[in-house]
$ cat model_36.tsv   # TSV, C-alpha atoms
chain	number	residue	atom	x	y	z
A	1	MET	CA	17.35	95.73	69.31
A	2	PRO	CA	20.49	97.65	70.42
A	3	ASP	CA	22.61	98.92	67.55
A	4	SER	CA	25.72	97.05	68.72
A	5	PHE	CA	23.88	93.72	68.95
A	6	HIS	CA	22.25	94.32	65.58
A	7	SER	CA	25.63	95.04	63.99
A	8	TRP	CA	27.25	91.97	65.49
A	9	LEU	CA	24.29	89.79	64.44
A	10	ALA	CA	24.43	91.16	60.89
A	11	LEU	CA	28.19	90.49	60.77
A	12	LEU	CA	27.72	86.93	62.04
A	13	LEU	CA	25.02	86.21	59.46
A	14	ALA	CA	27.16	87.72	56.71
A	15	LEU	CA	30.04	85.43	57.68
A	16	LEU	CA	27.72	82.42	57.73
A	17	ALA	CA	26.25	83.39	54.36
A	18	PHE	CA	29.69	83.57	52.74
A	19	ALA	CA	30.78	80.37	54.52
A	20	SER	CA	27.76	78.56	53.09
A	21	LEU	CA	28.56	79.99	49.65
A	22	GLY	CA	32.14	78.76	49.92
A	23	THR	CA	30.94	75.32	50.99
A	24	THR	CA	28.56	75.19	48.03
A	25	LEU	CA	31.37	75.97	45.60
A	26	TRP	CA	33.66	73.46	47.33
A	27	GLN	CA	31.09	70.68	46.98
A	28	PHE	CA	30.44	71.60	43.36
A	29	LEU	CA	34.12	71.53	42.41
A	30	VAL	CA	34.93	68.19	44.04
A	31	ALA	CA	31.82	66.71	42.40
A	32	LEU	CA	32.95	67.96	39.00
A	33	LYS	CA	36.33	66.26	39.45
A	34	PHE	CA	34.86	62.86	40.31
A	35	PRO	CA	34.72	60.57	37.20
A	36	LEU	CA	31.02	59.85	37.54
A	37	HIS	CA	29.54	57.28	35.12
A	38	ARG	CA	33.00	56.35	33.81
A	39	ARG	CA	33.25	52.72	32.70
A	40	SER	CA	36.47	50.79	33.27
A	41	PRO	CA	35.78	47.04	33.08
A	42	SER	CA	38.73	44.63	32.90
A	43	ASP	CA	39.50	40.92	33.04
A	44	PHE	CA	39.11	41.07	36.83
A	45	SER	CA	35.80	39.24	37.35
A	46	PRO	CA	35.81	37.44	40.70
A	47	ALA	CA	32.93	35.16	41.61
A	48	VAL	CA	30.29	37.15	43.49
A	49	THR	CA	27.39	36.32	45.78
A	50	LEU	CA	24.57	38.88	45.70
A	51	LEU	CA	22.53	39.16	48.91
A	52	LYS	CA	19.08	40.69	48.42
A	53	PRO	CA	17.01	41.14	51.61
A	54	LEU	CA	13.36	41.74	50.67
A	55	LYS	CA	10.18	42.84	52.43
A	56	GLY	CA	6.98	43.48	50.52
A	57	THR	CA	6.69	44.66	46.93
A	58	ASP	CA	5.68	47.63	44.86
A	59	GLU	CA	5.28	48.30	41.15
A	60	PHE	CA	9.06	48.58	40.67
A	61	THR	CA	10.24	45.52	42.61
A	62	ALA	CA	10.30	43.09	39.69
A	63	ALA	CA	12.24	45.45	37.41
A	64	CYS	CA	14.76	46.26	40.15
A	65	LEU	CA	15.43	42.61	40.97
A	66	ARG	CA	15.52	41.68	37.28
A	67	SER	CA	18.34	44.16	36.69
A	68	TRP	CA	20.57	42.09	38.98
A	69	LEU	CA	19.72	38.79	37.32
A	70	ALA	CA	20.40	40.30	33.88
A	71	GLN	CA	23.97	41.40	34.64
A	72	ASP	CA	26.49	41.02	31.83
A	73	TYR	CA	29.32	39.68	33.97
A	74	ALA	CA	32.12	37.27	33.09
A	75	GLY	CA	32.49	35.73	36.55
A	76	GLU	CA	30.22	33.39	38.47
A	77	VAL	CA	27.26	35.04	40.18
A	78	GLN	CA	25.12	33.57	42.95
A	79	VAL	CA	21.94	35.46	43.86
A	80	LEU	CA	20.24	34.89	47.22
A	81	PHE	CA	16.85	36.50	47.77
A	82	GLY	CA	15.83	36.55	51.44
A	83	VAL	CA	12.42	37.13	53.02
A	84	ALA	CA	11.37	36.80	56.64
A	85	ALA	CA	8.10	34.94	55.96
A	86	ALA	CA	6.86	32.57	53.27
A	87	ASP	CA	3.69	34.63	52.78
A	88	ASP	CA	5.59	37.80	51.90
A	89	PRO	CA	4.37	39.02	48.47
A	90	ALA	CA	8.02	39.32	47.38
A	91	CYS	CA	8.15	35.51	47.22
A	92	GLU	CA	5.88	35.34	44.18
A	93	VAL	CA	7.87	38.04	42.37
A	94	VAL	CA	11.10	36.12	43.00
A	95	ARG	CA	9.60	32.81	41.86
A	96	GLN	CA	8.53	34.37	38.57
A	97	LEU	CA	12.02	35.79	38.06
A	98	LEU	CA	13.64	32.42	38.80
A	99	VAL	CA	11.53	30.95	35.99
A	100	GLU	CA	12.54	33.84	33.72
A	101	PHE	CA	16.27	33.30	34.46
A	102	PRO	CA	16.68	29.52	34.80
A	103	GLN	CA	20.39	29.74	33.92
A	104	ARG	CA	21.16	31.84	36.99
A	105	ASP	CA	22.45	30.36	40.24
A	106	ALA	CA	19.67	31.98	42.24
A	107	GLN	CA	17.31	30.94	45.00
A	108	LEU	CA	14.66	32.21	47.37
A	109	VAL	CA	15.52	31.75	51.05
A	110	ILE	CA	13.03	32.02	53.93
A	111	CYS	CA	14.92	33.71	56.76
A	112	GLY	CA	12.55	33.13	59.65
A	113	GLU	CA	14.95	33.78	62.53
A	114	SER	CA	14.77	37.14	64.27
A	115	LEU	CA	18.37	37.92	65.17
A	116	GLY	CA	18.20	41.60	66.11
A	117	ALA	CA	16.26	44.84	65.98
A	118	ASN	CA	17.29	45.42	62.36
A	119	ALA	CA	15.22	42.94	60.34
A	120	LYS	CA	17.25	43.57	57.18
A	121	VAL	CA	20.50	42.59	58.91
A	122	SER	CA	18.78	39.57	60.43
A	123	THR	CA	18.03	38.42	56.89
A	124	LEU	CA	21.60	39.16	55.74
A	125	ILE	CA	23.04	37.02	58.55
A	126	GLN	CA	20.99	34.05	57.38
A	127	LEU	CA	21.72	34.62	53.69
A	128	ALA	CA	25.46	34.91	54.31
A	129	ARG	CA	25.49	31.34	55.64
A	130	LEU	CA	24.63	30.16	52.11
A	131	ALA	CA	27.10	32.36	50.24
A	132	LYS	CA	29.43	30.36	47.99
A	133	HIS	CA	31.85	33.06	46.92
A	134	GLU	CA	34.42	35.28	48.61
A	135	VAL	CA	33.14	38.55	47.14
A	136	ILE	CA	29.77	39.49	48.64
A	137	SER	CA	27.44	42.25	47.49
A	138	VAL	CA	24.57	43.67	49.51
A	139	SER	CA	21.94	45.86	47.87
A	140	ASP	CA	18.49	47.14	48.72
A	141	ALA	CA	15.35	45.81	47.05
A	142	ASP	CA	14.53	49.16	45.41
A	143	VAL	CA	17.88	49.43	43.59
A	144	ARG	CA	18.01	49.09	39.80
A	145	VAL	CA	21.36	48.94	38.04
A	146	PRO	CA	22.63	49.01	34.43
A	147	VAL	CA	23.59	45.73	32.83
A	148	ASP	CA	27.32	46.44	33.21
A	149	PHE	CA	27.11	47.58	36.82
A	150	LEU	CA	28.73	44.57	38.47
A	151	ALA	CA	31.55	44.38	35.91
A	152	ASN	CA	32.54	47.94	36.77
A	153	ALA	CA	31.70	48.06	40.48
A	154	VAL	CA	34.01	45.17	41.46
A	155	GLN	CA	37.09	46.78	39.87
A	156	PRO	CA	38.33	48.62	43.00
A	157	LEU	CA	38.59	45.23	44.75
A	158	HIS	CA	41.49	44.43	42.40
A	159	ASP	CA	43.51	46.50	44.87
A	160	ALA	CA	44.14	44.30	47.92
A	161	GLY	CA	43.94	47.37	50.16
A	162	THR	CA	40.30	47.97	49.29
A	163	GLY	CA	37.98	46.50	51.89
A	164	LEU	CA	34.63	47.69	50.57
A	165	VAL	CA	33.23	49.27	47.41
A	166	ASN	CA	30.08	51.36	47.34
A	167	CYS	CA	28.54	53.75	44.84
A	168	PHE	CA	26.38	56.81	44.52
A	169	TYR	CA	22.70	56.45	43.80
A	170	SER	CA	19.92	58.62	42.49
A	171	LEU	CA	16.25	58.93	43.30
A	172	ALA	CA	15.13	57.91	39.83
A	173	ASN	CA	11.40	58.65	39.88
A	174	PRO	CA	10.44	61.68	41.99
A	175	THR	CA	6.76	61.70	40.98
A	176	THR	CA	5.31	63.98	43.68
A	177	ALA	CA	6.27	67.45	44.91
A	178	ALA	CA	7.49	65.94	48.17
A	179	MET	CA	9.69	63.42	46.34
A	180	ARG	CA	11.08	66.14	44.08
A	181	TRP	CA	11.97	68.09	47.20
A	182	GLU	CA	13.74	65.02	48.58
A	183	ALA	CA	15.42	64.45	45.23
A	184	VAL	CA	17.38	67.69	45.73
A	185	ALA	CA	18.82	66.20	48.93
A	186	ILE	CA	19.77	62.94	47.21
A	187	ASN	CA	20.55	63.85	43.61
A	188	ALA	CA	22.36	67.14	44.24
A	189	ASP	CA	23.51	67.43	47.83
A	190	PHE	CA	24.23	63.99	49.26
A	191	TRP	CA	26.82	62.75	46.78
A	192	SER	CA	28.61	66.09	46.60
A	193	GLN	CA	28.72	66.25	50.41
A	194	VAL	CA	30.24	62.75	50.53
A	195	LEU	CA	32.94	63.87	48.12
A	196	GLN	CA	33.53	67.03	50.15
A	197	SER	CA	34.04	64.88	53.24
A	198	ARG	CA	36.35	62.56	51.30
A	199	SER	CA	38.46	65.56	50.25
A	200	LEU	CA	39.27	66.07	53.93
A	201	LYS	CA	39.86	62.46	54.99
A	202	PRO	CA	39.44	58.90	53.65
A	203	MET	CA	35.91	57.53	53.77
A	204	ASP	CA	35.10	55.68	57.00
A	205	PHE	CA	31.49	54.75	56.20
A	206	ALA	CA	29.53	53.09	53.42
A	207	LEU	CA	26.54	54.10	51.32
A	208	GLY	CA	23.84	51.50	51.63
A	209	ALA	CA	22.28	51.19	48.18
A	210	VAL	CA	25.04	48.79	47.04
A	211	MET	CA	27.99	47.56	49.08
A	212	ILE	CA	30.57	45.03	47.85
A	213	THR	CA	33.14	43.48	50.17
A	214	ARG	CA	35.08	40.26	50.69
A	215	ARG	CA	34.50	37.40	53.08
A	216	PRO	CA	37.82	37.99	54.95
A	217	GLN	CA	36.80	41.58	55.72
A	218	LEU	CA	33.38	40.40	56.90
A	219	ASP	CA	34.93	37.70	59.08
A	220	GLU	CA	37.36	40.26	60.50
A	221	ILE	CA	34.48	42.34	61.91
A	222	GLY	CA	32.49	39.29	63.02
A	223	GLY	CA	30.20	39.05	59.98
A	224	PHE	CA	26.88	40.86	59.84
A	225	GLU	CA	26.02	39.85	63.42
A	226	PRO	CA	27.52	42.95	65.12
A	227	LEU	CA	25.25	45.14	62.95
A	228	ALA	CA	22.00	43.43	63.95
A	229	ASP	CA	20.90	46.11	66.42
A	230	TYR	CA	21.92	49.19	64.41
A	231	LEU	CA	19.68	51.29	62.20
A	232	ALA	CA	22.48	52.53	59.91
A	233	ASP	CA	23.90	49.09	59.13
A	234	ASP	CA	25.55	50.49	55.99
A	235	TYR	CA	27.40	53.15	57.98
A	236	GLN	CA	28.45	50.58	60.60
A	237	LEU	CA	29.64	48.04	58.02
A	238	GLY	CA	31.85	50.59	56.29
A	239	ASN	CA	33.04	52.13	59.54
A	240	GLN	CA	34.07	48.82	61.11
A	241	ILE	CA	35.92	47.73	57.96
A	242	ALA	CA	37.67	51.13	57.69
A	243	ARG	CA	38.71	51.02	61.36
A	244	ARG	CA	40.64	47.86	60.60
A	245	GLY	CA	42.76	49.66	58.04
A	246	HIS	CA	40.91	48.80	54.84
A	247	ARG	CA	40.06	51.41	52.22
A	248	ILE	CA	36.45	52.31	51.38
A	249	ALA	CA	36.26	52.90	47.62
A	250	LEU	CA	33.68	54.64	45.47
A	251	ALA	CA	32.75	53.02	42.16
A	252	THR	CA	32.11	55.43	39.32
A	253	VAL	CA	28.92	53.69	38.15
A	254	VAL	CA	25.62	54.94	39.58
A	255	ALA	CA	22.68	52.92	40.87
A	256	GLU	CA	19.04	54.05	40.79
A	257	CYS	CA	16.53	53.87	43.63
A	258	TRP	CA	12.89	53.48	42.57
A	259	SER	CA	10.14	54.31	45.01
A	260	PRO	CA	6.34	54.30	44.89
A	261	PRO	CA	4.71	57.74	45.19
A	262	MET	CA	5.13	59.33	48.62
A	263	GLY	CA	3.46	62.37	50.13
A	264	TRP	CA	4.89	64.97	52.46
A	265	ALA	CA	4.29	62.98	55.65
A	266	ALA	CA	6.18	59.91	54.40
A	267	VAL	CA	9.04	61.94	52.93
A	268	TRP	CA	9.34	64.03	56.08
A	269	ALA	CA	9.48	60.88	58.24
A	270	HIS	CA	12.17	59.48	55.93
A	271	GLN	CA	14.27	62.64	56.07
A	272	LEU	CA	13.89	62.88	59.86
A	273	ARG	CA	14.94	59.24	60.27
A	274	TRP	CA	17.96	59.91	58.09
A	275	ALA	CA	18.83	63.08	60.05
A	276	ARG	CA	18.54	61.45	63.47
A	277	THR	CA	20.59	58.49	62.29
A	278	ILE	CA	23.42	60.71	61.02
A	279	ARG	CA	23.24	62.80	64.19
A	280	CYS	CA	23.71	59.67	66.33
A	281	CYS	CA	26.52	58.27	64.15
A	282	GLN	CA	28.45	61.52	63.57
A	283	PRO	CA	27.20	64.09	66.09
A	284	GLY	CA	29.97	66.67	65.58
A	285	PRO	CA	29.95	66.85	61.76
A	286	TYR	CA	26.16	66.72	61.73
A	287	PHE	CA	25.87	69.66	64.15
A	288	LEU	CA	28.25	71.72	62.00
A	289	SER	CA	26.47	70.76	58.76
A	290	ILE	CA	23.95	73.58	59.27
A	291	ILE	CA	26.73	76.03	58.34
A	292	SER	CA	26.58	74.80	54.74
A	293	ASN	CA	22.89	75.74	54.34
A	294	ALA	CA	23.31	78.12	51.42
A	295	SER	CA	19.72	79.39	51.39
A	296	LEU	CA	19.15	79.87	55.12
A	297	TRP	CA	22.01	82.21	56.05
A	298	PRO	CA	21.72	84.65	53.12
A	299	LEU	CA	17.98	84.91	53.80
A	300	LEU	CA	18.48	85.65	57.50
A	301	TRP	CA	21.20	88.15	56.67
A	302	VAL	CA	18.99	90.14	54.27
A	303	LEU	CA	16.10	90.05	56.78
A	304	VAL	CA	18.31	91.46	59.54
A	305	GLN	CA	20.19	93.96	57.37
A	306	PRO	CA	18.14	94.85	54.29
A	307	GLY	CA	19.87	97.11	51.82
A	308	PRO	CA	21.03	97.18	48.19
A	309	ARG	CA	24.40	95.51	48.77
A	310	VAL	CA	23.04	92.83	51.07
A	311	CYS	CA	20.17	92.15	48.67
A	312	LEU	CA	22.67	91.78	45.84
A	313	ALA	CA	24.74	89.34	47.92
A	314	PHE	CA	21.56	87.45	48.84
A	315	PHE	CA	20.54	86.98	45.21
A	316	ALA	CA	24.08	86.04	44.21
A	317	CYS	CA	24.20	83.34	46.90
A	318	TRP	CA	20.83	81.93	45.88
A	319	ILE	CA	21.72	81.95	42.18
A	320	VAL	CA	24.94	80.04	42.87
A	321	ARG	CA	23.09	77.59	45.09
A	322	VAL	CA	20.27	76.90	42.62
A	323	THR	CA	22.55	76.71	39.59
A	324	SER	CA	25.06	74.36	41.20
A	325	ALA	CA	22.30	72.08	42.53
A	326	MET	CA	20.65	71.90	39.11
A	327	LEU	CA	23.95	71.01	37.44
A	328	LEU	CA	24.79	68.39	40.06
A	329	GLN	CA	21.38	66.77	39.68
A	330	PHE	CA	21.83	66.67	35.94
A	331	ARG	CA	25.32	65.18	36.24
A	332	LEU	CA	24.13	62.38	38.54
A	333	THR	CA	20.83	61.54	36.85
A	334	ARG	CA	21.55	62.63	33.25
A	335	SER	CA	17.97	63.87	33.19
A	336	ARG	CA	16.66	67.38	32.57
A	337	GLY	CA	13.34	66.62	34.27
A	338	HIS	CA	14.41	68.23	37.55
A	339	LEU	CA	15.06	71.57	35.82
A	340	PHE	CA	11.35	72.39	36.04
A	341	TYR	CA	11.48	72.17	39.83
A	342	ASP	CA	14.46	74.37	40.62
A	343	TRP	CA	12.26	76.47	42.91
A	344	LEU	CA	12.30	73.52	45.33
A	345	ILE	CA	16.02	73.96	45.99
A	346	PRO	CA	15.75	76.93	48.41
A	347	LEU	CA	12.63	75.31	49.90
A	348	LYS	CA	14.63	72.12	50.49
A	349	ASP	CA	17.28	74.13	52.36
A	350	LEU	CA	14.80	76.03	54.53
A	351	LEU	CA	12.77	72.94	55.43
A	352	GLY	CA	16.05	71.09	55.89
A	353	ALA	CA	16.93	73.56	58.64
A	354	VAL	CA	13.68	72.62	60.38
A	355	ILE	CA	14.54	68.92	60.10
A	356	TRP	CA	18.02	69.68	61.46
A	357	LEU	CA	16.44	71.30	64.52
A	358	GLN	CA	13.83	68.58	64.89
A	359	SER	CA	16.50	65.89	64.79
A	360	PHE	CA	17.80	67.14	68.15
A	361	ILE	CA	14.32	67.04	69.73
A	362	GLY	CA	13.77	63.38	70.50
A	363	ASN	CA	15.38	60.21	69.20
A	364	GLU	CA	12.47	58.21	67.80
A	365	VAL	CA	12.29	57.12	64.16
A	366	VAL	CA	9.75	55.27	62.04
A	367	TRP	CA	11.18	52.48	59.92
A	368	ARG	CA	9.36	49.76	57.99
A	369	GLY	CA	6.14	50.55	59.80
A	370	ARG	CA	7.57	50.31	63.33
A	371	ARG	CA	8.80	52.84	65.85
A	372	TYR	CA	12.29	52.69	67.31
A	373	ARG	CA	14.39	54.75	69.66
A	374	VAL	CA	17.85	55.48	68.24
A	375	LEU	CA	20.39	55.20	71.04
A	376	ARG	CA	23.89	56.64	71.28
A	377	GLY	CA	26.03	55.38	68.42
A	378	GLY	CA	23.02	54.45	66.28
A	379	LYS	CA	21.72	51.37	68.09
A	380	LEU	CA	18.02	50.58	67.79
A	381	GLU	CA	15.60	50.01	70.62
A	382	PRO	CA	12.15	48.84	69.42
A	383	ARG	CA	9.13	50.72	70.73
A	384	ASN	CA	5.90	48.90	71.49
A	385	THR	CA	3.69	51.20	69.41
A	386	PRO	CA	3.48	50.23	65.73
A	387	SER	CA	3.10	52.90	63.09
A	388	THR	CA	1.23	52.99	59.81
A	389	ARG	CA	3.97	55.02	58.13
A	390	ASN	CA	6.81	53.48	56.14
$ encode --input "model_36.tsv" --output "structure tokens"
Amino acid sequence: MPDSFHSWLALLLALLAFASLGTTLWQFLVALKFPLHRRSPSDFSPAVTLLKPLKGTDEFTAACLRSWLAQDYAGEVQVLFGVAAADDPACEVVRQLLVEFPQRDAQLVICGESLGANAKVSTLIQLARLAKHEVISVSDADVRVPVDFLANAVQPLHDAGTGLVNCFYSLANPTTAAMRWEAVAINADFWSQVLQSRSLKPMDFALGAVMITRRPQLDEIGGFEPLADYLADDYQLGNQIARRGHRIALATVVAECWSPPMGWAAVWAHQLRWARTIRCCQPGPYFLSIISNASLWPLLWVLVQPGPRVCLAFFACWIVRVTSAMLLQFRLTRSRGHLFYDWLIPLKDLLGAVIWLQSFIGNEVVWRGRRYRVLRGGKLEPRNTPSTRN
């Protein structure tokens, strides 16, 4: 390698290493400023319809759904559970919960129509027809919330300029090494990256674990129907509402996502689906996101230009990265369990660089056991070949 090229390469990697360090500190500081977990309930308790699209069950389904029926909320609450087929095992779980909560205005709805490539949105379209109330909440089946979640999450809607409220979420039960690796991405990086983006411009997308909006905003974008062929229906819902001048707000309460044990293949497929979806929805920011990889660039720099000072900078960058990620995970989850797996943080970054590269090689994803091609803008095109992965 010519000396001049080697020098320029070392300089470039040094700049990228310090840029990634600066980005890490930026994300950490904006995350510290956000009033996470703060409670601020008030007398504002509008009537709410909860839409819960379901498909299949696992050991956590009943507890997750029960948390929504057990909400301590002063306003009226209607709960609509939707399944695509009457023989879905989720039906029996819902029936048992309806017996357990007879006082709730809740029902199981069979949503047999197929209205688009996104089966979840197809169910939402059919559930929305039965919604009684103006405020509508959409949440995934694997989401568990505290008893005061709804009372706090609706508060931003008191401002007429707010078109949609969403919240951060944690991976609550990373039981395998692969899930603990993914937990770094969710519990440390994702929410701090969202806040970093929001420090530059108002949010123009939504986070899909829980979304709360009003009927007028839904009607303004044509309801859920325009989302029926998109993979990232949460992104599209928030984006279309924001494009019409409404504010996307972040609630300070946190939801939990509970998942059955997953191995490396399932977690990798999930991360790749997520990466390709973001790449299609926000190609420019996603391409530049590799700059913030705070383990990759210091490692490449020290490999190209080993020496005492570079080694010192390398270790300093990795210490900042690991420490900040550990603190952010603790702040979101309020659990010290992840502290025993801090070695996964650099591994997450290095494997994340591989996923970043892989996301540009092809546009197929696996979702709910089926293969799709993700088209420009995030639209789904079903493939004929089914998959055994989830």
$ closest_residue --input "model_36.tsv" --among "A:Leu300, A:Val79, A:Val194, A:Val354" --to "Gln271 in chain A" --atoms "all atoms listed in the file"
A:Val354
$ residues_around --input "model_36.tsv" --residues "Val77 in chain A" --least-positions-apart "6" --cutoff "8 Å" --atoms "all atoms listed in the file" --output "list in words"
Ala47, Val48, Thr49, Leu50, Arg104 and Asp105 of chain A
$ residues_around --input "model_36.tsv" --residues "range 112-128 of chain A" --least-positions-apart "3" --cutoff "10 Å" --atoms "all atoms listed in the file" --output "ChimeraX atom specification"
/A:49-55,79-86,108-109,131-133,136,138,140,215,218,223-234,367-368,372,379-382
$ write_last_selection --input "model_36.tsv" --atoms "C-alpha atoms" --output "mmCIF file, keeping the file's coordinate frame"
data_model
loop_
_atom_site.group_PDB
_atom_site.id
_atom_site.type_symbol
_atom_site.label_atom_id
_atom_site.label_comp_id
_atom_site.auth_asym_id
_atom_site.auth_seq_id
_atom_site.Cartn_x
_atom_site.Cartn_y
_atom_site.Cartn_z
ATOM 1 C CA THR A 49 27.390 36.320 45.780
ATOM 2 C CA LEU A 50 24.570 38.880 45.700
ATOM 3 C CA LEU A 51 22.530 39.160 48.910
ATOM 4 C CA LYS A 52 19.080 40.690 48.420
ATOM 5 C CA PRO A 53 17.010 41.140 51.610
ATOM 6 C CA LEU A 54 13.360 41.740 50.670
ATOM 7 C CA LYS A 55 10.180 42.840 52.430
ATOM 8 C CA VAL A 79 21.940 35.460 43.860
ATOM 9 C CA LEU A 80 20.240 34.890 47.220
ATOM 10 C CA PHE A 81 16.850 36.500 47.770
ATOM 11 C CA GLY A 82 15.830 36.550 51.440
ATOM 12 C CA VAL A 83 12.420 37.130 53.020
ATOM 13 C CA ALA A 84 11.370 36.800 56.640
ATOM 14 C CA ALA A 85 8.100 34.940 55.960
ATOM 15 C CA ALA A 86 6.860 32.570 53.270
ATOM 16 C CA LEU A 108 14.660 32.210 47.370
ATOM 17 C CA VAL A 109 15.520 31.750 51.050
ATOM 18 C CA ALA A 131 27.100 32.360 50.240
ATOM 19 C CA LYS A 132 29.430 30.360 47.990
ATOM 20 C CA HIS A 133 31.850 33.060 46.920
ATOM 21 C CA ILE A 136 29.770 39.490 48.640
ATOM 22 C CA VAL A 138 24.570 43.670 49.510
ATOM 23 C CA ASP A 140 18.490 47.140 48.720
ATOM 24 C CA ARG A 215 34.500 37.400 53.080
ATOM 25 C CA LEU A 218 33.380 40.400 56.900
ATOM 26 C CA GLY A 223 30.200 39.050 59.980
ATOM 27 C CA PHE A 224 26.880 40.860 59.840
ATOM 28 C CA GLU A 225 26.020 39.850 63.420
ATOM 29 C CA PRO A 226 27.520 42.950 65.120
ATOM 30 C CA LEU A 227 25.250 45.140 62.950
ATOM 31 C CA ALA A 228 22.000 43.430 63.950
ATOM 32 C CA ASP A 229 20.900 46.110 66.420
ATOM 33 C CA TYR A 230 21.920 49.190 64.410
ATOM 34 C CA LEU A 231 19.680 51.290 62.200
ATOM 35 C CA ALA A 232 22.480 52.530 59.910
ATOM 36 C CA ASP A 233 23.900 49.090 59.130
ATOM 37 C CA ASP A 234 25.550 50.490 55.990
ATOM 38 C CA TRP A 367 11.180 52.480 59.920
ATOM 39 C CA ARG A 368 9.360 49.760 57.990
ATOM 40 C CA TYR A 372 12.290 52.690 67.310
ATOM 41 C CA LYS A 379 21.720 51.370 68.090
ATOM 42 C CA LEU A 380 18.020 50.580 67.790
ATOM 43 C CA GLU A 381 15.600 50.010 70.620
ATOM 44 C CA PRO A 382 12.150 48.840 69.420
#
$ closest_residue --input "model_36.tsv" --among "A:Leu130, A:Cys257, A:Val147, A:Leu357" --to "Ala70 in chain A" --atoms "only C-alpha atoms"
A:Val147
$ atom_distance --input "model_36.tsv" --atom1 "CA of Leu237 in chain A" --atom2 "CA of Pro285 in chain A"
19.2 Å
$ residues_near_point --input "model_36.tsv" --point "(28.4, 69.9, 45.8)" --cutoff "10 Å" --atoms "all atoms listed in the file" --output "short mmCIF file (atom, residue, chain, number, x, y, z; two decimals) with C-alpha atoms, in the coordinates of the input"
data_model
loop_
_atom_site.label_atom_id
_atom_site.label_comp_id
_atom_site.auth_asym_id
_atom_site.auth_seq_id
_atom_site.Cartn_x
_atom_site.Cartn_y
_atom_site.Cartn_z
CA THR A 23 30.94 75.32 50.99
CA THR A 24 28.56 75.19 48.03
CA LEU A 25 31.37 75.97 45.60
CA TRP A 26 33.66 73.46 47.33
CA GLN A 27 31.09 70.68 46.98
CA PHE A 28 30.44 71.60 43.36
CA LEU A 29 34.12 71.53 42.41
CA VAL A 30 34.93 68.19 44.04
CA ALA A 31 31.82 66.71 42.40
CA LEU A 32 32.95 67.96 39.00
CA ALA A 188 22.36 67.14 44.24
CA ASP A 189 23.51 67.43 47.83
CA PHE A 190 24.23 63.99 49.26
CA TRP A 191 26.82 62.75 46.78
CA SER A 192 28.61 66.09 46.60
CA GLN A 193 28.72 66.25 50.41
CA VAL A 194 30.24 62.75 50.53
CA LEU A 195 32.94 63.87 48.12
CA GLN A 196 33.53 67.03 50.15
CA ARG A 321 23.09 77.59 45.09
CA SER A 324 25.06 74.36 41.20
CA ALA A 325 22.30 72.08 42.53
CA LEU A 327 23.95 71.01 37.44
CA LEU A 328 24.79 68.39 40.06
CA GLN A 329 21.38 66.77 39.68
#
$ residues_around --input "model_36.tsv" --residues "range 203-213 of chain A" --least-positions-apart "2" --cutoff "8 Å" --atoms "only C-alpha atoms" --output "PyMOL selection string"
chain A and resi 135-140+143+154+157+163-169+197-198+201+215+217-218+233-239+242-243+247-249+255+257
$ atom_distance --input "model_36.tsv" --atom1 "CA of Leu347 in chain A" --atom2 "CA of Ser199 in chain A"
27.6 Å
$ closest_residue --input "model_36.tsv" --among "A:Thr176, A:Thr333, A:Gln78, A:Ser7" --to "Val304 in chain A" --atoms "all atoms listed in the file"
A:Ser7
$ atom_distance --input "model_36.tsv" --atom1 "CA of Val93 in chain A" --atom2 "CA of Met179 in chain A"
25.8 Å
